[in-house]
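Quick notes on the structure that follows.
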Amino acid sequence: MDPWLIWLIIAGVLAVAEIFTLTAALGMLSAAALVTAGSAAVGLPLPFQFLVFTAVATVTLVFLRPIALRHVLQPQVARFGVDALVGKGAYVVSEVTGLGGRVRIDGEEWTARAFDETLVIPAGKTVDVIEISGATAIVYPRD
């Protein structure tokens with residue numbers, strides 16, 4: 001079997017393994033094996049093939065992997081679901097106390113409690129959503 005084909009098989013196996021691990025390390029090694037397959041196809045002797053593999057693997061793991069991981073591990077920019085409601089304004093539909101009440105957030109009615117349990121927020125006031133606890137909005141009045 002030709003050496004370039006062996007390197008190509010190694011590159012494929014490493015690429016498939018990367019799909020299951022998602023560490024970026026095996027993907028970089030797969031790329032190194034692919035470059036080495038190219039050098040083997042050109043006719044480079046076996047010791048130089050190992051040298052090419054080592055050099056490309058080192059460069060990709062040391063320089064490219066940290067950049068790739070930095071892009072993958074970025075925090076989520078958009079908030080979805082109830083997390084998106086935190087910080088929004090709400091309209092008080094029925095009086096909100098520390099025990100309960102009703103507010104309208106983006107056209108939907110929610111049960112609500114005052115963040116400060118001693119507050120009584122009358123209907124018609126505007127409040128800010130501090131957090132969502134289950135199906136209850138914890139709110140604080142805007143002044």
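Following the order of the structure tokens, first chain is A, next is B, and so on, with residues numbered from 1 inside each chain and ligands from 1 in the order they appear.
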All residues 9 Å or closer to range 132-142 of chain A, only C-alpha atoms, same chain fewer than 4 positions away omitted, as a PyMOL selection string: chain A and resi 82-83+85-86+89-90+96+100+102-103+110-116+119+121+125-128
Quick one: everything within 12 Å of range 69-81 of chain A, counting only C-alpha atoms, minus sequence neighbours fewer than 2 positions away in the same chain. Send it as a list in words. Leu22, Thr23, Ala24, Ala25, Met28, Leu61, Val62, Phe63, Leu64, Arg65, Pro66, Ile67, Asp83, Ala84, Leu85, Val86, Gly87, Ile132, Gly134 and Ala135 of chain A
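Take the candidates A:Gly101, A:Gly124, A:Gly38, A:Gly107 and check each one against Trp7 in chain A using only C-alpha atoms; the shortest distance goes to A:Gly38.
CA of Ala68 in chain A sits 23.2 Å away from CA of Leu8 in chain A.
Note that CA of Met1 in chain A and CA of Ala40 in chain A are 12.2 Å apart.
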For Val35 in chain A: contacts at 12 Å, only C-alpha atoms, fewer than 5 positions along chain excluded, given as a PyMOL selection string: chain A and resi 4-5+7-8+10-11+28-30+40-42+44+49-57+60
